[in-house]
Each structure stands twice: as structure tokens, then as C-alpha cells.
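J.: The structure file upload-v1.csv (CSV, C-alpha atoms) is provided below.
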chain,number,residue,atom,x,y,z
A,1,MET,CA,-39.0,46.3,10.2
A,2,ALA,CA,-38.7,49.3,7.9
A,3,ILE,CA,-38.0,52.5,9.7
A,4,ASP,CA,-39.5,55.8,8.7
A,5,GLU,CA,-36.5,58.2,8.6
A,6,SER,CA,-38.5,61.2,9.8
A,7,ASP,CA,-39.8,59.2,12.8
A,8,LEU,CA,-36.2,58.1,13.6
A,9,LEU,CA,-34.9,61.6,13.4
A,10,THR,CA,-37.6,62.9,15.8
A,11,TRP,CA,-37.1,60.0,18.2
A,12,SER,CA,-33.3,60.4,18.2
A,13,ALA,CA,-33.6,64.1,19.0
A,14,ALA,CA,-35.9,63.2,21.9
A,15,LEU,CA,-33.4,60.6,23.2
A,16,CYS,CA,-30.6,63.3,23.2
A,17,ARG,CA,-32.8,65.4,25.4
A,18,SER,CA,-33.9,62.7,27.8
A,19,ALA,CA,-30.6,60.7,28.1
A,20,TRP,CA,-28.0,63.5,27.7
A,21,GLY,CA,-29.9,66.7,28.4
A,22,ILE,CA,-29.0,68.0,24.9
A,23,ASP,CA,-31.4,69.9,22.8
A,24,GLY,CA,-30.2,70.1,19.2
A,25,ARG,CA,-30.6,69.7,15.5
A,26,LEU,CA,-29.8,66.3,14.1
A,27,SER,CA,-28.8,65.4,10.5
A,28,PRO,CA,-28.1,61.9,9.2
A,29,LEU,CA,-24.6,60.8,8.0
A,30,ALA,CA,-23.8,58.1,5.5
A,31,SER,CA,-23.0,54.7,6.9
A,32,GLU,CA,-22.8,51.1,5.6
A,33,ARG,CA,-24.3,49.4,8.6
A,34,ASP,CA,-25.0,51.7,11.5
A,35,ARG,CA,-27.3,54.7,11.8
A,36,ILE,CA,-25.3,57.9,12.6
A,37,PHE,CA,-26.4,61.5,13.2
A,38,ARG,CA,-24.5,64.7,13.5
A,39,VAL,CA,-25.9,66.6,16.5
A,40,GLU,CA,-25.7,70.4,16.7
A,41,SER,CA,-26.7,71.4,20.2
A,42,ALA,CA,-28.4,74.6,21.1
A,43,ASP,CA,-25.3,75.6,23.1
A,44,GLY,CA,-23.0,75.3,20.1
A,45,ARG,CA,-21.5,71.9,20.6
A,46,ARG,CA,-21.2,69.4,17.8
A,47,LEU,CA,-21.5,65.7,18.5
A,48,ILE,CA,-22.1,62.3,16.9
A,49,LEU,CA,-25.0,60.1,17.9
A,50,LYS,CA,-24.4,56.5,16.8
A,51,PHE,CA,-26.7,53.5,16.8
A,52,THR,CA,-25.0,50.2,16.0
A,53,ASP,CA,-26.4,47.7,13.6
A,54,PRO,CA,-28.8,45.7,15.8
A,55,ASN,CA,-27.2,42.5,14.4
A,56,GLU,CA,-23.8,43.4,15.7
A,57,ALA,CA,-22.7,41.2,18.5
A,58,PRO,CA,-22.8,42.9,21.9
A,59,LEU,CA,-19.3,41.7,22.6
A,60,ALA,CA,-18.0,43.4,19.5
A,61,THR,CA,-19.8,46.6,20.4
A,62,ASP,CA,-18.3,46.6,23.9
A,63,PHE,CA,-14.9,45.9,22.5
A,64,GLN,CA,-15.0,49.1,20.4
A,65,THR,CA,-16.4,51.1,23.3
A,66,GLN,CA,-13.7,49.9,25.7
A,67,GLY,CA,-11.0,50.4,23.1
A,68,LEU,CA,-11.9,54.0,22.8
A,69,LEU,CA,-11.9,54.5,26.5
A,70,HIS,CA,-8.6,52.7,26.9
A,71,ALA,CA,-6.8,54.7,24.2
A,72,ALA,CA,-8.1,58.0,25.5
A,73,ALA,CA,-6.9,57.1,29.0
A,74,ARG,CA,-3.5,56.0,27.9
A,75,ASP,CA,-2.9,59.1,25.7
A,76,PRO,CA,-5.3,61.9,26.6
A,77,GLY,CA,-4.0,64.1,23.7
A,78,LEU,CA,-5.0,61.6,21.1
A,79,GLN,CA,-7.3,63.1,18.5
A,80,ILE,CA,-10.0,60.4,18.5
A,81,PRO,CA,-13.7,60.7,19.5
A,82,ARG,CA,-14.5,60.8,23.2
A,83,LEU,CA,-17.5,59.0,24.5
A,84,VAL,CA,-20.0,61.3,26.3
A,85,PRO,CA,-21.7,59.8,29.4
A,86,ASP,CA,-25.4,60.1,29.7
A,87,ARG,CA,-27.2,61.4,32.8
A,88,GLU,CA,-26.7,58.0,34.4
A,89,GLY,CA,-23.0,57.8,33.6
A,90,ARG,CA,-23.4,55.3,30.8
A,91,VAL,CA,-21.3,55.6,27.7
A,92,ALA,CA,-23.1,52.9,25.8
A,93,PHE,CA,-26.6,51.5,26.4
A,94,ARG,CA,-29.6,49.9,24.6
A,95,PRO,CA,-32.5,52.4,24.6
A,96,ASP,CA,-36.2,51.6,24.5
A,97,TRP,CA,-36.1,51.4,20.7
A,98,PRO,CA,-39.5,51.5,19.1
A,99,PHE,CA,-38.4,50.3,15.7
A,100,GLY,CA,-37.5,46.7,16.2
A,101,PRO,CA,-34.5,45.0,17.8
A,102,PRO,CA,-32.6,47.6,19.9
A,103,PRO,CA,-29.2,48.8,18.9
A,104,THR,CA,-26.5,50.2,21.2
A,105,ALA,CA,-26.6,54.0,21.5
A,106,ARG,CA,-23.4,56.1,22.0
A,107,LEU,CA,-22.8,59.8,21.9
A,108,MET,CA,-19.3,61.0,20.9
A,109,THR,CA,-17.5,64.2,20.5
A,110,TRP,CA,-17.2,65.7,17.0
A,111,LEU,CA,-13.7,66.2,15.5
A,112,ASP,CA,-13.2,69.1,13.2
A,113,GLY,CA,-11.4,68.8,9.9
A,114,ASP,CA,-11.7,67.7,6.3
A,115,LEU,CA,-11.6,64.1,5.3
A,116,VAL,CA,-8.3,63.1,3.7
A,117,ALA,CA,-10.4,61.9,0.8
A,118,HIS,CA,-11.3,65.5,0.1
A,119,SER,CA,-8.0,67.2,0.8
A,120,PRO,CA,-4.8,67.7,-1.2
A,121,LYS,CA,-2.2,65.0,-0.7
A,122,SER,CA,1.5,65.4,0.1
A,123,PRO,CA,4.4,63.5,1.6
A,124,ALA,CA,4.2,65.7,4.7
A,125,GLN,CA,0.5,64.7,5.2
A,126,ALA,CA,1.3,61.0,4.6
A,127,ARG,CA,4.1,61.2,7.2
A,128,ALA,CA,1.8,62.9,9.7
A,129,LEU,CA,-0.9,60.2,9.1
A,130,GLY,CA,1.7,57.5,9.9
A,131,GLN,CA,2.7,59.3,13.1
A,132,ALA,CA,-0.9,59.6,14.2
A,133,LEU,CA,-1.6,56.0,13.5
A,134,ALA,CA,1.5,54.9,15.3
A,135,ARG,CA,0.6,56.9,18.3
A,136,LEU,CA,-2.9,55.3,18.4
A,137,GLY,CA,-1.3,51.9,18.1
A,138,LEU,CA,0.9,52.6,21.1
A,139,ALA,CA,-2.1,53.7,23.1
A,140,LEU,CA,-3.8,50.4,22.2
A,141,ALA,CA,-0.7,48.2,22.6
A,142,GLU,CA,-1.7,46.8,26.0
A,143,PHE,CA,-5.4,46.7,25.5
A,144,ASP,CA,-7.1,43.4,25.8
A,145,HIS,CA,-10.7,42.3,25.7
A,146,PRO,CA,-12.7,39.1,25.2
A,147,GLY,CA,-13.9,40.5,21.8
A,148,ALA,CA,-10.4,41.4,20.5
A,149,ASP,CA,-10.1,38.2,18.4
A,150,HIS,CA,-13.5,38.2,16.8
A,151,TYR,CA,-13.7,37.3,13.1
A,152,LEU,CA,-13.5,40.4,11.0
A,153,ILE,CA,-13.9,39.9,7.3
A,154,TRP,CA,-11.6,42.9,6.6
A,155,ASP,CA,-8.8,41.4,8.7
A,156,LEU,CA,-6.0,40.7,6.1
A,157,VAL,CA,-5.2,37.4,7.8
A,158,HIS,CA,-8.4,36.2,6.1
A,159,THR,CA,-7.6,37.4,2.6
A,160,SER,CA,-8.1,34.0,1.0
A,161,ASP,CA,-11.5,33.5,2.6
A,162,HIS,CA,-12.9,35.9,0.0
A,163,ARG,CA,-12.3,33.8,-3.1
A,164,PRO,CA,-16.0,32.8,-3.3
A,165,ARG,CA,-17.0,36.5,-3.4
A,166,LEU,CA,-15.1,36.9,-6.6
A,167,ALA,CA,-18.1,35.6,-8.5
A,168,ALA,CA,-19.4,39.1,-8.3
A,169,VAL,CA,-16.4,40.4,-10.3
A,170,THR,CA,-17.8,40.0,-13.9
A,171,ASP,CA,-14.7,41.0,-15.8
A,172,PRO,CA,-12.6,37.9,-16.4
A,173,ALA,CA,-9.3,39.8,-16.6
A,174,GLY,CA,-10.1,41.7,-13.4
A,175,ARG,CA,-11.1,38.6,-11.6
A,176,ALA,CA,-7.8,36.9,-12.7
A,177,MET,CA,-5.8,39.8,-11.3
A,178,VAL,CA,-7.5,39.5,-7.9
A,179,GLU,CA,-7.0,35.8,-7.9
A,180,ALA,CA,-3.3,36.2,-8.6
A,181,ALA,CA,-3.0,38.6,-5.7
A,182,MET,CA,-4.7,36.1,-3.4
A,183,ASP,CA,-2.3,33.3,-4.8
A,184,ARG,CA,0.7,35.5,-3.8
A,185,PHE,CA,-0.8,36.0,-0.4
A,186,ASP,CA,-1.2,32.3,0.2
A,187,ARG,CA,2.2,31.5,-1.1
A,188,THR,CA,4.4,34.0,0.7
A,189,THR,CA,2.6,36.6,2.7
A,190,ALA,CA,0.4,34.4,5.0
A,191,PRO,CA,3.4,32.4,6.3
A,192,ALA,CA,5.4,35.5,7.0
A,193,LEU,CA,2.4,37.2,8.6
A,194,ALA,CA,2.1,34.5,11.2
A,195,ALA,CA,5.6,35.3,12.6
A,196,VAL,CA,5.2,39.1,13.3
A,197,ARG,CA,3.8,41.1,16.2
A,198,ARG,CA,0.1,41.2,17.0
A,199,GLN,CA,-2.1,43.6,18.9
A,200,VAL,CA,-5.4,45.5,18.8
A,201,LEU,CA,-5.4,47.9,15.9
A,202,HIS,CA,-7.7,50.5,14.4
A,203,ALA,CA,-7.3,48.5,11.1
A,204,ASP,CA,-9.2,50.8,8.8
A,205,LEU,CA,-7.4,54.1,8.3
A,206,THR,CA,-9.0,54.9,4.9
A,207,PRO,CA,-9.1,58.5,3.5
A,208,TYR,CA,-12.7,58.5,4.9
A,209,ASN,CA,-11.6,57.8,8.4
A,210,ALA,CA,-8.9,60.4,8.8
A,211,LEU,CA,-9.3,64.2,9.2
A,212,VAL,CA,-6.9,67.0,8.5
A,213,ASP,CA,-6.8,70.8,9.0
A,214,PRO,CA,-8.6,72.5,6.1
A,215,VAL,CA,-6.2,75.4,6.2
A,216,ALA,CA,-3.1,73.3,6.8
A,217,PRO,CA,-3.9,69.8,5.3
A,218,ASP,CA,-0.5,68.4,6.4
A,219,ARG,CA,-1.8,68.5,10.0
A,220,VAL,CA,-3.9,65.5,11.1
A,221,THR,CA,-6.8,66.5,13.3
A,222,GLY,CA,-8.5,63.2,13.9
A,223,ILE,CA,-8.9,59.5,13.4
A,224,ILE,CA,-12.5,58.2,13.4
A,225,ASP,CA,-14.6,55.1,12.9
A,226,PHE,CA,-13.4,52.3,15.2
A,227,GLY,CA,-15.9,49.8,13.8
A,228,ASP,CA,-13.2,47.5,12.3
A,229,MET,CA,-10.9,47.4,15.3
A,230,VAL,CA,-9.5,43.9,15.8
A,231,ARG,CA,-6.4,42.1,17.1
A,232,THR,CA,-4.2,41.3,14.2
A,233,ALA,CA,-0.6,41.8,12.9
A,234,LEU,CA,0.7,45.3,13.8
A,235,VAL,CA,2.0,45.9,10.3
A,236,CYS,CA,-1.5,45.6,8.9
A,237,ASP,CA,-2.3,49.0,10.2
A,238,VAL,CA,0.5,50.5,8.1
A,239,ALA,CA,-0.4,48.6,5.0
A,240,ILE,CA,-4.1,49.4,5.1
A,241,ALA,CA,-3.4,53.1,5.5
A,242,ALA,CA,-0.7,53.1,2.9
A,243,CYS,CA,-2.6,51.3,0.2
A,244,TYR,CA,-5.0,54.2,-0.2
A,245,LEU,CA,-2.2,56.6,-0.8
A,246,MET,CA,-0.7,54.7,-3.8
A,247,GLY,CA,0.0,56.7,-6.9
A,248,ASP,CA,0.8,55.5,-10.4
A,249,GLY,CA,4.0,54.5,-12.2
A,250,ASP,CA,7.4,54.9,-10.6
A,251,ASP,CA,6.0,57.2,-8.0
A,252,ALA,CA,3.3,54.8,-6.9
A,253,MET,CA,5.0,54.3,-3.5
A,254,ALA,CA,6.1,57.9,-2.7
A,255,LEU,CA,3.2,58.6,-0.3
A,256,PRO,CA,3.1,55.1,1.2
A,257,GLU,CA,6.9,55.4,1.9
A,258,ALA,CA,6.3,58.7,3.7
A,259,LEU,CA,3.5,57.1,5.8
A,260,ALA,CA,5.6,54.1,6.7
A,261,ALA,CA,8.5,56.4,7.7
A,262,GLY,CA,6.2,58.5,9.9
A,263,PHE,CA,4.9,55.4,11.6
A,264,HIS,CA,8.4,53.9,12.1
A,265,ALA,CA,9.7,57.2,13.6
A,266,VAL,CA,7.1,56.9,16.4
A,267,SER,CA,6.7,53.1,16.7
A,268,PRO,CA,9.7,51.3,15.2
A,269,LEU,CA,8.9,48.4,12.9
A,270,THR,CA,11.1,45.4,12.4
A,271,ARG,CA,12.7,44.6,9.1
A,272,ASP,CA,10.4,41.6,8.6
A,273,GLU,CA,7.4,43.9,9.1
A,274,VAL,CA,8.6,46.5,6.6
A,275,LEU,CA,9.0,43.7,4.1
A,276,LEU,CA,5.4,42.8,4.5
A,277,ILE,CA,4.0,46.3,3.9
A,278,ALA,CA,3.7,46.1,0.1
A,279,PRO,CA,2.4,42.5,-0.1
A,280,LEU,CA,-0.2,43.4,2.5
A,281,MET,CA,-1.2,46.5,0.5
A,282,GLU,CA,-1.9,44.3,-2.4
A,283,ALA,CA,-3.9,42.0,-0.2
A,284,ARG,CA,-6.0,44.9,1.1
A,285,HIS,CA,-6.8,45.9,-2.5
A,286,ALA,CA,-7.8,42.3,-3.3
A,287,VAL,CA,-10.0,42.1,-0.2
A,288,THR,CA,-11.6,45.5,-1.0
A,289,VAL,CA,-12.6,44.5,-4.5
A,290,ALA,CA,-13.9,41.1,-3.4
A,291,ILE,CA,-16.0,42.4,-0.5
A,292,THR,CA,-17.3,45.6,-2.1
A,293,GLU,CA,-18.3,44.1,-5.4
A,294,HIS,CA,-20.0,41.2,-3.6
A,295,HIS,CA,-21.8,43.5,-1.2
A,296,ALA,CA,-22.8,46.0,-4.0
A,297,ALA,CA,-24.3,43.2,-6.0
A,298,ARG,CA,-26.5,42.3,-3.1
A,299,VAL,CA,-27.4,45.9,-2.2
A,300,PRO,CA,-27.3,47.7,-5.5
A,301,GLY,CA,-29.2,50.7,-4.1
A,302,ASN,CA,-26.2,51.6,-1.8
A,303,ARG,CA,-23.5,50.8,-4.4
A,304,PRO,CA,-22.0,54.4,-4.6
A,305,TYR,CA,-21.3,54.3,-0.8
A,306,ILE,CA,-20.2,50.7,-0.7
A,307,THR,CA,-17.8,51.0,-3.6
A,308,LYS,CA,-16.3,54.4,-2.7
A,309,ASN,CA,-12.8,52.8,-2.3
A,310,THR,CA,-13.1,50.2,-5.1
A,311,ALA,CA,-11.6,52.3,-7.9
A,312,THR,CA,-8.6,52.9,-5.7
A,313,ALA,CA,-8.3,49.2,-5.1
A,314,TRP,CA,-8.4,48.4,-8.8
A,315,ARG,CA,-5.7,51.0,-9.6
A,316,GLY,CA,-3.5,49.5,-6.8
A,317,LEU,CA,-4.0,45.9,-8.1
A,318,THR,CA,-3.1,47.1,-11.6
A,319,THR,CA,0.1,48.7,-10.3
A,320,PHE,CA,1.1,45.5,-8.4
A,321,SER,CA,0.3,43.3,-11.4
A,322,GLY,CA,2.9,45.3,-13.4
A,323,ARG,CA,5.5,45.3,-10.7
A,324,ALA,CA,5.3,42.6,-7.9
A,325,PRO,CA,4.9,43.9,-4.4
A,326,ASP,CA,8.3,42.5,-3.3
A,327,ALA,CA,9.9,44.8,-5.9
A,328,TRP,CA,8.9,47.9,-3.8
A,329,SER,CA,10.5,46.5,-0.6
A,330,SER,CA,13.9,48.2,-1.1
A,331,ARG,CA,12.2,51.6,-1.3
A,332,LEU,CA,10.2,51.0,1.9
A,333,LEU,CA,13.3,49.8,3.7
A,334,HIS,CA,15.1,52.9,2.5
A,335,ALA,CA,12.3,55.1,3.7
A,336,CYS,CA,12.6,53.5,7.2
A,337,ARG,CA,16.4,53.7,7.0
A,338,MET,CA,16.8,50.0,7.1
A,339,ASP,CA,18.7,49.6,3.8
A,340,THR,CA,22.2,49.5,5.2
So, in terms of C-alpha cells, how does the structure I just supplied come out?
T.:
Amino acid sequence: MAIDESDLLTWSAALCRSAWGIDGRLSPLASERDRIFRVESADGRRLILKFTDPNEAPLATDFQTQGLLHAAARDPGLQIPRLVPDREGRVAFRPDWPFGPPPTARLMTWLDGDLVAHSPKSPAQARALGQALARLGLALAEFDHPGADHYLIWDLVHTSDHRPRLAAVTDPAGRAMVEAAMDRFDRTTAPALAAVRRQVLHADLTPYNALVDPVAPDRVTGIIDFGDMVRTALVCDVAIAACYLMGDGDDAMALPEALAAGFHAVSPLTRDEVLLIAPLMEARHAVTVAITEHHAARVPGNRPYITKNTATAWRGLTTFSGRAPDAWSSRLLHACRMDT
């Protein structure tokens, strides 16, 4: 059923008062699937109220909830959102939702900082992002859950599953470029991916999911949005984060190299994993184009939000089409001090 946004805002504020005892002002935040509100409480706190998409499987929601709890318990200093229990001690529950099928409600702490997408980039920042991501990975290394192996369309293991979505890419040359990337994935990357370490990962460290200090943008202040968490190859976390930092020309890998080096310094990668970083970066770009163009064609009214990372993906694919991913491996090995 269609939801009147004003009614939802009023109802959500009432839920904050009744469930958490928090009286505050709510404002909506952009989201592809969920409904998310920033909460500014009367006592000066800032929080995030999140309602999952009602179509999300309860097991997947609980997987994310338990993952956040596990990571925070293993590394209390991690800069990730903390779940706020309600008056009954619940950190996730289905409220008496008057707008249709009930979602799961969770209240989380707010993390201060500017999105990486809106901050100046530097090798020092990229290295810090790699270190923060590695630290989160270590906190999740032993986490297990029945929902960990759910099918996630963004999981790079499933890169070739997106070939049917390429019908939404109307430019023949562009579609051919994505298909070539998927062909390379099938031929060499997929077999190698099956032989490396796997664990639960954040799996979506885009520039819109990482925060840095506005005054000192080389300092990471938070990692947010655990909605794509999944168990997959460990190196995918590095490749996903690195692909959004690609530049152009001969310096295209300068920031990805810094990120990989930062990750490796905290959580050492194997040589085989480092050799997979660039090919998996190309795979992520191909997956991004396929999914976002397909989804935007189905929901054209939300195209600006859906395709916010698509231009970066096209630039990355263009760079890789001019110089094969494997050609960058020596630089990534050097960055991780594995070239001797």
C-alpha cells in the first residue's frame, strides 16, 4: 500500500517515544530499499531509525543485526553503528505497523563525519580506509550465522548471473565492454576465486558508506550500511572498496594501491588474493553497471539515487578495457611488498 510520508514521519516519532523513550525531530534519509530517518533527540543525541524493506527475509535482517553486535563485541573501538536497545531490551523488532506488512525496526547510533564521496581524496585517506576495513574484517572473522550464505546479487561470485540484465544497457559499445569483463571473469577470475579464503564481510565499502573527519579527511570516522553483508571471498572486500578509488591513465591504481597496502598492513593478504584485486575490481564495475542500469530502467523515478555509482563504474571499465586487469597486478604486489 502507498504510505503517506507525513503520516509515516508522525508515526515514527511516536514509536521513538513509546519504544525508546526518545522525543526528537525526525528527517528522512535517502535509501534504495529501506526507510531511514535521522533522529535528533531533545537531549542532543543523534541517532538513526531504520525500517527494513518488509520484503527482506527475516533471516537476512537478523544476520545483519547479529553481525553488528558481534563486531562491536569483538572490537569495542570499531567505528561502526551501535544498536540501541528499546525499553524491553530489544535491538530489533517488528512494530505494530499501520501501513501494511511490518518491517523490522532498529535504532542505531549516529556516526559523525563527511561521506568519502564528498571529501578530498588522498593516498593517506585510502590507506586509512584499508586499515579500517581490515579491522572490521578481523572483528567479523569468526562470525557465523544461518543467514551468512544467503544469495546476494552484489556478491562478486555471482558476476555472470547478471548477463540478462545487460539488456538495459542500450549503447552497443558499452554493453560489449561489460560482456568482455564478464567473459574475463568466467575465464580466469572465477576459478581463482574458488580457491581463496572466505568469511563474512561488509562487502559494500563505497564512498557513500564510509565517513571521514571533515577537518582531517585522512582520518576515517565510520563505516556504515551493513545491508550487503555476506560470506564470500575475503579479497572481495578490498576489491570493492578499491574500485571506487580508481583514477585515470597511468595513475588509475594509485589510491587502490594505497588502500590495499593499508588493508594488508592490518590483515595480511596472500599473494593469490592480491593477484585477484584488479580482476575483481573490474568485476564489481561490471556488476554495478548491470544492476543499476537494469534497476533504473524499472524504477526511473529513483534513477539519480540508483545510479549514483554508475558513472564511476563506466570509467573503471573503460580503464580496464585499455589495460587488462592483470597488467596492474605487479603494482598491487609492490604496494603490498610482495614483488620480491
J.: Rank A:Gly113, A:Gly227, A:Gly247, A:Pro120 by their smallest atom-to-atom distance to Pro214 (chain A), using only C-alpha atoms, and report the top residue only.
T.: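 Selected residue with least distance to Pro214 (chain A): A:Gly113.
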J.: Name all residues at most 12 Å from Lys308 (chain A) (count only C-alpha atoms; drop same-chain ones fewer than 6 positions away) and give them as a PDB file with C-alpha atoms, in the coordinates of the input.
T.:
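File written: around_5.pdb
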ATOM      1  CA  ALA A  30     -23.800  58.100   5.500  1.00  0.00           C
ATOM      2  CA  SER A  31     -23.000  54.700   6.900  1.00  0.00           C
ATOM      3  CA  GLU A  32     -22.800  51.100   5.600  1.00  0.00           C
ATOM      4  CA  ALA A 117     -10.400  61.900   0.800  1.00  0.00           C
ATOM      5  CA  THR A 206      -9.000  54.900   4.900  1.00  0.00           C
ATOM      6  CA  PRO A 207      -9.100  58.500   3.500  1.00  0.00           C
ATOM      7  CA  TYR A 208     -12.700  58.500   4.900  1.00  0.00           C
ATOM      8  CA  TYR A 244      -5.000  54.200  -0.200  1.00  0.00           C
ATOM      9  CA  THR A 288     -11.600  45.500  -1.000  1.00  0.00           C
ATOM     10  CA  VAL A 289     -12.600  44.500  -4.500  1.00  0.00           C
ATOM     11  CA  THR A 292     -17.300  45.600  -2.100  1.00  0.00           C
ATOM     12  CA  GLU A 293     -18.300  44.100  -5.400  1.00  0.00           C
ATOM     13  CA  ALA A 296     -22.800  46.000  -4.000  1.00  0.00           C
ATOM     14  CA  ASN A 302     -26.200  51.600  -1.800  1.00  0.00           C
ATOM     15  CA  TRP A 314      -8.400  48.400  -8.800  1.00  0.00           C
TER      16      TRP A 314
END
J.: Report, in Å with one decimal, the straight-line distance from CA of Arg315 (chain A) to CA of Asp248 (chain A).
T.: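 Pair CA of Arg315 (chain A) / CA of Asp248 (chain A) returns 7.9 Å.
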J.: With distances taken over only C-alpha atoms, which residue among A:Cys336, A:Ala265, A:Val200, A:Met108 lies nearest Arg45 (chain A)?
T.: A:Met108
J.: Here is a test: counting only C-alpha atoms, which residue of A:Pro146, A:Gly130, A:Gly301, A:Pro95 is nearest to Val235 (chain A)?
T.: A:Gly130
